[in-house]
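Peer 1: Mind having a look at this structure? Questions to follow.
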Amino acid sequence: MISIKSDREIELLRIAGKIVGDTHKYIKPYIKPGITTMELDQLAETYIRKCGATPSFKGLYGFPNACCISVNEEVVHGIPSNRKLKEGDIVSIDIGACYKGYHGDSAWSYPVGKVSQENEELLKHTEEALFEGLSAIHDGARVGDIGYMVSKCANKYHLGVVKELVGHGVGSEVHEMPDVPNYGKPNTGPLLKKGMVIAVEPMLNLGTADIYELDDEWTIVTADLKPSAHFEHTVLVTEDGYEILTKR
Ligand code: MG
Ligand code: MG
């Protein structure tokens, strides 16, 4: 069952989403060589709390921190640590905030200082794949339309599409129905209706699509240890398109 949000719920989801977008904007200038992922996590958590919200991921399924911060070959679910970011790294920061019981969820991958051309293109093309996926959304479209557009874009650039992890509905839970895979066939899957709220989140790899989980039981890395990028927005399905709730 995919929930259609009431006007009141949509208002709260807009506020939660704005807090997530603002948190990304707030931490972006700090993403420089020498900062640790734990410092970034703490900056984000303090900011989220200052906005009157709580970090959605802290304690979710037992996750220890406010943000998932994943560097280079780490795809998602990286645990903040004393690891210092280095010039040339790419870092994916996944932020969730809960405001009055409703969540926003957005991940973004950032360059650390000057990065290689292939990393720069990976970031650019994964962001493009996110917007290609979003472009399929409107009242009456189907979830498969989104994944089809994401993977079509990824294939164009010969990027690996992570299949084990998917986007999702968002509401009073961070992860609600439906699953929103980054692959699919047009006109298949659950029907999207005006008032639904979903997170679309391509995870694209420079090499193989294959991934595995590290011994910390959280961090997902690429099987060939080549870099991975992750771009995510939470959006409201509207009559003729979508409204980004987590915009910067
Ligand atoms: Mg996320
Ligand atoms: Mg998500």
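In the structure tokens, chains take the letters A, B, ... in the order shown, each chain's residues start at 1, and ligands count up from 1 in the order shown.
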Would you give me, as a PyMOL selection string, the residues in range 62-232 of chain A that DSSP reads as strand (DSSP E)?
Peer 2: chain A and resi 67-71+74-76+90-99+102-111+160-161+167-169+176-180+197-200+203-205+211-213+220-222+228-230
Peer 1: Would you tabulate, counting only C-alpha atoms and all ligand atoms, all residues of chain A that have an atom at most 6 Å from an atom of ligand 1, showing the closest pair of atoms and their distance in Å to one decimal, sorted by chain then ascending number, as JSON lines?
Peer 2:
{"residue": "A:Asp94", "atom": "CA", "partner": "ligand 1", "partner_atom_place_in_ligand_line": "1 (Mg)", "distance": 4.7}
{"residue": "A:Ile95", "atom": "CA", "partner": "ligand 1", "partner_atom_place_in_ligand_line": "1 (Mg)", "distance": 5.9}
{"residue": "A:Asp105", "atom": "CA", "partner": "ligand 1", "partner_atom_place_in_ligand_line": "1 (Mg)", "distance": 4.7}
{"residue": "A:Ser106", "atom": "CA", "partner": "ligand 1", "partner_atom_place_in_ligand_line": "1 (Mg)", "distance": 4.7}
{"residue": "A:Ala107", "atom": "CA", "partner": "ligand 1", "partner_atom_place_in_ligand_line": "1 (Mg)", "distance": 5.0}
Peer 1: For a quick check of understanding, using only C-alpha atoms, which of A:Gly207, A:Gly140, A:Gly184, A:Gly195 has the smallest distance to Leu159 in chain A?
Peer 2: A:Gly207
Peer 1: Tell me, counting only C-alpha atoms and all ligand atoms, for each residue of chain A within 12 Å of ligand 2, which pair of atoms is nearest and how far apart they are in Å to one decimal, in rows ordered by chain and increasing number, as JSON lines.
Peer 2:
{"residue": "A:Val20", "atom": "CA", "partner": "ligand 2", "partner_atom_place_in_ligand_line": "1 (Mg)", "distance": 12.0}
{"residue": "A:Ser56", "atom": "CA", "partner": "ligand 2", "partner_atom_place_in_ligand_line": "1 (Mg)", "distance": 10.6}
{"residue": "A:Phe57", "atom": "CA", "partner": "ligand 2", "partner_atom_place_in_ligand_line": "1 (Mg)", "distance": 10.0}
{"residue": "A:Cys67", "atom": "CA", "partner": "ligand 2", "partner_atom_place_in_ligand_line": "1 (Mg)", "distance": 11.6}
{"residue": "A:Cys68", "atom": "CA", "partner": "ligand 2", "partner_atom_place_in_ligand_line": "1 (Mg)", "distance": 10.6}
{"residue": "A:Val76", "atom": "CA", "partner": "ligand 2", "partner_atom_place_in_ligand_line": "1 (Mg)", "distance": 10.1}
{"residue": "A:His77", "atom": "CA", "partner": "ligand 2", "partner_atom_place_in_ligand_line": "1 (Mg)", "distance": 10.6}
{"residue": "A:Ile93", "atom": "CA", "partner": "ligand 2", "partner_atom_place_in_ligand_line": "1 (Mg)", "distance": 11.3}
{"residue": "A:Asp94", "atom": "CA", "partner": "ligand 2", "partner_atom_place_in_ligand_line": "1 (Mg)", "distance": 7.8}
{"residue": "A:Ile95", "atom": "CA", "partner": "ligand 2", "partner_atom_place_in_ligand_line": "1 (Mg)", "distance": 8.7}
{"residue": "A:Gly96", "atom": "CA", "partner": "ligand 2", "partner_atom_place_in_ligand_line": "1 (Mg)", "distance": 8.2}
{"residue": "A:Ala97", "atom": "CA", "partner": "ligand 2", "partner_atom_place_in_ligand_line": "1 (Mg)", "distance": 11.4}
{"residue": "A:His103", "atom": "CA", "partner": "ligand 2", "partner_atom_place_in_ligand_line": "1 (Mg)", "distance": 10.3}
{"residue": "A:Gly104", "atom": "CA", "partner": "ligand 2", "partner_atom_place_in_ligand_line": "1 (Mg)", "distance": 8.7}
{"residue": "A:Asp105", "atom": "CA", "partner": "ligand 2", "partner_atom_place_in_ligand_line": "1 (Mg)", "distance": 5.5}
{"residue": "A:Ser106", "atom": "CA", "partner": "ligand 2", "partner_atom_place_in_ligand_line": "1 (Mg)", "distance": 6.5}
{"residue": "A:Ala107", "atom": "CA", "partner": "ligand 2", "partner_atom_place_in_ligand_line": "1 (Mg)", "distance": 7.4}
{"residue": "A:Trp108", "atom": "CA", "partner": "ligand 2", "partner_atom_place_in_ligand_line": "1 (Mg)", "distance": 11.0}
{"residue": "A:Leu165", "atom": "CA", "partner": "ligand 2", "partner_atom_place_in_ligand_line": "1 (Mg)", "distance": 9.3}
{"residue": "A:Val166", "atom": "CA", "partner": "ligand 2", "partner_atom_place_in_ligand_line": "1 (Mg)", "distance": 7.7}
{"residue": "A:Gly167", "atom": "CA", "partner": "ligand 2", "partner_atom_place_in_ligand_line": "1 (Mg)", "distance": 5.5}
{"residue": "A:His168", "atom": "CA", "partner": "ligand 2", "partner_atom_place_in_ligand_line": "1 (Mg)", "distance": 6.3}
{"residue": "A:Gly169", "atom": "CA", "partner": "ligand 2", "partner_atom_place_in_ligand_line": "1 (Mg)", "distance": 8.5}
{"residue": "A:Val170", "atom": "CA", "partner": "ligand 2", "partner_atom_place_in_ligand_line": "1 (Mg)", "distance": 8.2}
{"residue": "A:Gly171", "atom": "CA", "partner": "ligand 2", "partner_atom_place_in_ligand_line": "1 (Mg)", "distance": 11.5}
{"residue": "A:Glu173", "atom": "CA", "partner": "ligand 2", "partner_atom_place_in_ligand_line": "1 (Mg)", "distance": 11.0}
{"residue": "A:Val174", "atom": "CA", "partner": "ligand 2", "partner_atom_place_in_ligand_line": "1 (Mg)", "distance": 7.4}
{"residue": "A:His175", "atom": "CA", "partner": "ligand 2", "partner_atom_place_in_ligand_line": "1 (Mg)", "distance": 7.1}
{"residue": "A:Glu176", "atom": "CA", "partner": "ligand 2", "partner_atom_place_in_ligand_line": "1 (Mg)", "distance": 9.9}
{"residue": "A:Met177", "atom": "CA", "partner": "ligand 2", "partner_atom_place_in_ligand_line": "1 (Mg)", "distance": 11.8}
{"residue": "A:Pro178", "atom": "CA", "partner": "ligand 2", "partner_atom_place_in_ligand_line": "1 (Mg)", "distance": 11.8}
{"residue": "A:Asp179", "atom": "CA", "partner": "ligand 2", "partner_atom_place_in_ligand_line": "1 (Mg)", "distance": 10.1}
{"residue": "A:Val180", "atom": "CA", "partner": "ligand 2", "partner_atom_place_in_ligand_line": "1 (Mg)", "distance": 9.7}
{"residue": "A:Pro181", "atom": "CA", "partner": "ligand 2", "partner_atom_place_in_ligand_line": "1 (Mg)", "distance": 11.2}
{"residue": "A:Val197", "atom": "CA", "partner": "ligand 2", "partner_atom_place_in_ligand_line": "1 (Mg)", "distance": 11.6}
{"residue": "A:Ile198", "atom": "CA", "partner": "ligand 2", "partner_atom_place_in_ligand_line": "1 (Mg)", "distance": 8.7}
{"residue": "A:Ala199", "atom": "CA", "partner": "ligand 2", "partner_atom_place_in_ligand_line": "1 (Mg)", "distance": 5.6}
{"residue": "A:Val200", "atom": "CA", "partner": "ligand 2", "partner_atom_place_in_ligand_line": "1 (Mg)", "distance": 7.2}
{"residue": "A:Glu201", "atom": "CA", "partner": "ligand 2", "partner_atom_place_in_ligand_line": "1 (Mg)", "distance": 6.4}
{"residue": "A:Pro202", "atom": "CA", "partner": "ligand 2", "partner_atom_place_in_ligand_line": "1 (Mg)", "distance": 9.8}
{"residue": "A:Met203", "atom": "CA", "partner": "ligand 2", "partner_atom_place_in_ligand_line": "1 (Mg)", "distance": 10.7}
{"residue": "A:His230", "atom": "CA", "partner": "ligand 2", "partner_atom_place_in_ligand_line": "1 (Mg)", "distance": 10.1}
{"residue": "A:Phe231", "atom": "CA", "partner": "ligand 2", "partner_atom_place_in_ligand_line": "1 (Mg)", "distance": 9.6}
{"residue": "A:Glu232", "atom": "CA", "partner": "ligand 2", "partner_atom_place_in_ligand_line": "1 (Mg)", "distance": 6.8}
{"residue": "A:His233", "atom": "CA", "partner": "ligand 2", "partner_atom_place_in_ligand_line": "1 (Mg)", "distance": 8.0}
{"residue": "A:Thr234", "atom": "CA", "partner": "ligand 2", "partner_atom_place_in_ligand_line": "1 (Mg)", "distance": 7.8}
{"residue": "A:Val235", "atom": "CA", "partner": "ligand 2", "partner_atom_place_in_ligand_line": "1 (Mg)", "distance": 11.2}
{"residue": "A:Thr246", "atom": "CA", "partner": "ligand 2", "partner_atom_place_in_ligand_line": "1 (Mg)", "distance": 11.6}
Peer 1: Between A:Gly160, A:Ala136, A:Arg8, A:Tyr102, single out the one closest to Ser172 in chain A, counting only C-alpha atoms.
Peer 2: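 The closest residue to Ser172 in chain A is A:Tyr102.
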Peer 1: Could you please write out, as a VMD selection string, every residue of range 6-232 of chain A that DSSP assigns to alpha helix (DSSP H)?
Peer 2: chain A and resid 7 to 27 37 to 50 117 to 134 143 to 156
Peer 1: What's around range 223-225 of chain A at 10 Å? Count only C-alpha atoms, leave out sequence neighbours fewer than 5 positions away in its own chain, and write the answer as a ChimeraX atom specification.
Peer 2: /A:72-75,205-213
Peer 1: I'd like the contact shell of Ala154 in chain A - 9 Å cut-off, only C-alpha atoms, skipping same-chain residues fewer than 3 positions apart - returned as a list in words.
Peer 2: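 Near Ala154 in chain A, the qualifying residues are His125, Thr126, Glu128, Ala129, Met149, Val150, Ser151, Tyr157, His158, Leu159, Gly160, Val161 and Leu204 of chain A.
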Peer 1: Those residues you just picked out, can you put them in a file as a compact mmCIF listing (two decimals), in the first residue's frame with C-alpha atoms?
Peer 2:
# COMPACT_ATOMS: atom_id res chain seq x y z
CA HIS A 125 26.66 11.80 -15.03
CA THR A 126 25.18 10.38 -11.83
CA GLU A 128 22.23 13.67 -14.73
CA ALA A 129 20.85 10.14 -14.16
CA MET A 149 15.39 6.40 -17.46
CA VAL A 150 18.10 6.13 -14.78
CA SER A 151 19.67 3.02 -16.29
CA TYR A 157 28.08 6.60 -19.98
CA HIS A 158 29.03 2.92 -19.36
CA LEU A 159 28.49 3.23 -15.62
CA GLY A 160 27.57 0.28 -13.37
CA VAL A 161 24.05 0.52 -11.89
CA LEU A 204 26.37 4.53 -10.17
Peer 1: When distances are computed from only C-alpha atoms, which of A:Asn155, A:Ser81, A:Ser109, A:Thr219 shows the smallest separation from Lys28 in chain A?
Peer 2: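 Between A:Asn155, A:Ser81, A:Ser109, A:Thr219, the residue approaching Lys28 in chain A most closely is A:Ser109.
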Peer 1: Kindly indicate which residue among A:Thr36, A:Thr188, A:Ser228, A:Gln42 lies nearest to Lys124 in chain A, using only C-alpha atoms for the distances.
Peer 2: A:Ser228
Peer 1: Within 7 Å of range 243-245 of chain A, counting only C-alpha atoms, which residues show up once you throw out same-chain ones fewer than 2 positions away? Write them as a PDB file with all heavy atoms, in the first residue's frame, please.
Peer 2:
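The result, stored in result.pdb:
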ATOM      1  N   ARG A  14       7.565  19.045   3.250  1.00  0.00           N
ATOM      2  CA  ARG A  14       8.283  20.170   2.623  1.00  0.00           C
ATOM      3  C   ARG A  14       9.282  20.775   3.605  1.00  0.00           C
ATOM      4  O   ARG A  14      10.409  21.101   3.233  1.00  0.00           O
ATOM      5  CB  ARG A  14       7.301  21.274   2.200  1.00  0.00           C
ATOM      6  CG  ARG A  14       6.657  21.043   0.870  1.00  0.00           C
ATOM      7  CD  ARG A  14       6.077  22.351   0.302  1.00  0.00           C
ATOM      8  NE  ARG A  14       5.331  22.036  -0.907  1.00  0.00           N
ATOM      9  CZ  ARG A  14       4.009  21.957  -0.992  1.00  0.00           C
ATOM     10  NH1 ARG A  14       3.247  22.222   0.069  1.00  0.00           N
ATOM     11  NH2 ARG A  14       3.439  21.619  -2.121  1.00  0.00           N
ATOM     12  N   GLY A  17      12.149  18.313   4.172  1.00  0.00           N
ATOM     13  CA  GLY A  17      12.990  18.293   2.972  1.00  0.00           C
ATOM     14  C   GLY A  17      13.846  19.538   2.871  1.00  0.00           C
ATOM     15  O   GLY A  17      15.027  19.466   2.517  1.00  0.00           O
ATOM     16  N   LYS A  18      13.274  20.670   3.226  1.00  0.00           N
ATOM     17  CA  LYS A  18      14.039  21.928   3.169  1.00  0.00           C
ATOM     18  C   LYS A  18      15.192  21.890   4.174  1.00  0.00           C
ATOM     19  O   LYS A  18      16.298  22.348   3.876  1.00  0.00           O
ATOM     20  CB  LYS A  18      13.117  23.114   3.433  1.00  0.00           C
ATOM     21  CG  LYS A  18      13.858  24.445   3.329  1.00  0.00           C
ATOM     22  CD  LYS A  18      12.944  25.641   3.455  1.00  0.00           C
ATOM     23  CE  LYS A  18      13.667  26.951   3.168  1.00  0.00           C
ATOM     24  NZ  LYS A  18      14.988  27.107   3.746  1.00  0.00           N
ATOM     25  N   HIS A 233      17.153  12.785  -4.390  1.00  0.00           N
ATOM     26  CA  HIS A 233      16.194  13.798  -3.941  1.00  0.00           C
ATOM     27  C   HIS A 233      14.919  13.107  -3.488  1.00  0.00           C
ATOM     28  O   HIS A 233      14.524  12.079  -4.056  1.00  0.00           O
ATOM     29  CB  HIS A 233      15.811  14.746  -5.087  1.00  0.00           C
ATOM     30  CG  HIS A 233      16.679  15.966  -5.198  1.00  0.00           C
ATOM     31  ND1 HIS A 233      17.038  16.750  -4.116  1.00  0.00           N
ATOM     32  CD2 HIS A 233      17.236  16.562  -6.290  1.00  0.00           C
ATOM     33  CE1 HIS A 233      17.777  17.771  -4.527  1.00  0.00           C
ATOM     34  NE2 HIS A 233      17.935  17.670  -5.831  1.00  0.00           N
ATOM     35  N   THR A 234      14.275  13.705  -2.493  1.00  0.00           N
ATOM     36  CA  THR A 234      12.913  13.321  -2.129  1.00  0.00           C
ATOM     37  C   THR A 234      11.976  14.249  -2.891  1.00  0.00           C
ATOM     38  O   THR A 234      12.165  15.470  -2.867  1.00  0.00           O
ATOM     39  CB  THR A 234      12.696  13.489  -0.608  1.00  0.00           C
ATOM     40  OG1 THR A 234      13.623  12.659   0.091  1.00  0.00           O
ATOM     41  CG2 THR A 234      11.276  13.107  -0.217  1.00  0.00           C
ATOM     42  N   VAL A 235      11.004  13.659  -3.583  1.00  0.00           N
ATOM     43  CA  VAL A 235      10.098  14.467  -4.412  1.00  0.00           C
ATOM     44  C   VAL A 235       8.635  14.104  -4.163  1.00  0.00           C
ATOM     45  O   VAL A 235       8.308  12.979  -3.795  1.00  0.00           O
ATOM     46  CB  VAL A 235      10.400  14.308  -5.931  1.00  0.00           C
ATOM     47  CG1 VAL A 235      11.845  14.651  -6.250  1.00  0.00           C
ATOM     48  CG2 VAL A 235      10.059  12.909  -6.440  1.00  0.00           C
ATOM     49  N   LEU A 236       7.790  15.102  -4.393  1.00  0.00           N
ATOM     50  CA  LEU A 236       6.341  14.925  -4.340  1.00  0.00           C
ATOM     51  C   LEU A 236       5.846  14.707  -5.771  1.00  0.00           C
ATOM     52  O   LEU A 236       6.211  15.471  -6.674  1.00  0.00           O
ATOM     53  CB  LEU A 236       5.714  16.194  -3.747  1.00  0.00           C
ATOM     54  CG  LEU A 236       4.201  16.363  -3.841  1.00  0.00           C
ATOM     55  CD1 LEU A 236       3.489  15.365  -2.921  1.00  0.00           C
ATOM     56  CD2 LEU A 236       3.811  17.806  -3.469  1.00  0.00           C
ATOM     57  N   VAL A 237       5.047  13.666  -5.969  1.00  0.00           N
ATOM     58  CA  VAL A 237       4.454  13.441  -7.296  1.00  0.00           C
ATOM     59  C   VAL A 237       3.311  14.436  -7.473  1.00  0.00           C
ATOM     60  O   VAL A 237       2.445  14.564  -6.602  1.00  0.00           O
ATOM     61  CB  VAL A 237       3.918  11.994  -7.426  1.00  0.00           C
ATOM     62  CG1 VAL A 237       3.275  11.784  -8.798  1.00  0.00           C
ATOM     63  CG2 VAL A 237       5.020  10.975  -7.167  1.00  0.00           C
ATOM     64  N   THR A 238       3.322  15.157  -8.604  1.00  0.00           N
ATOM     65  CA  THR A 238       2.249  16.119  -8.882  1.00  0.00           C
ATOM     66  C   THR A 238       1.516  15.691 -10.150  1.00  0.00           C
ATOM     67  O   THR A 238       1.908  14.727 -10.812  1.00  0.00           O
ATOM     68  CB  THR A 238       2.817  17.549  -9.066  1.00  0.00           C
ATOM     69  OG1 THR A 238       3.687  17.551 -10.211  1.00  0.00           O
ATOM     70  CG2 THR A 238       3.594  17.999  -7.838  1.00  0.00           C
ATOM     71  N   LYS A 247      15.380  20.393  -2.234  1.00  0.00           N
ATOM     72  CA  LYS A 247      16.260  21.222  -3.072  1.00  0.00           C
ATOM     73  C   LYS A 247      17.162  22.121  -2.231  1.00  0.00           C
ATOM     74  O   LYS A 247      16.870  22.442  -1.083  1.00  0.00           O
ATOM     75  CB  LYS A 247      15.485  22.008  -4.121  1.00  0.00           C
ATOM     76  CG  LYS A 247      14.393  22.905  -3.651  1.00  0.00           C
ATOM     77  CD  LYS A 247      13.820  23.644  -4.861  1.00  0.00           C
ATOM     78  CE  LYS A 247      12.561  24.381  -4.523  1.00  0.00           C
ATOM     79  NZ  LYS A 247      11.349  23.575  -4.543  1.00  0.00           N
TER      80      LYS A 247
END
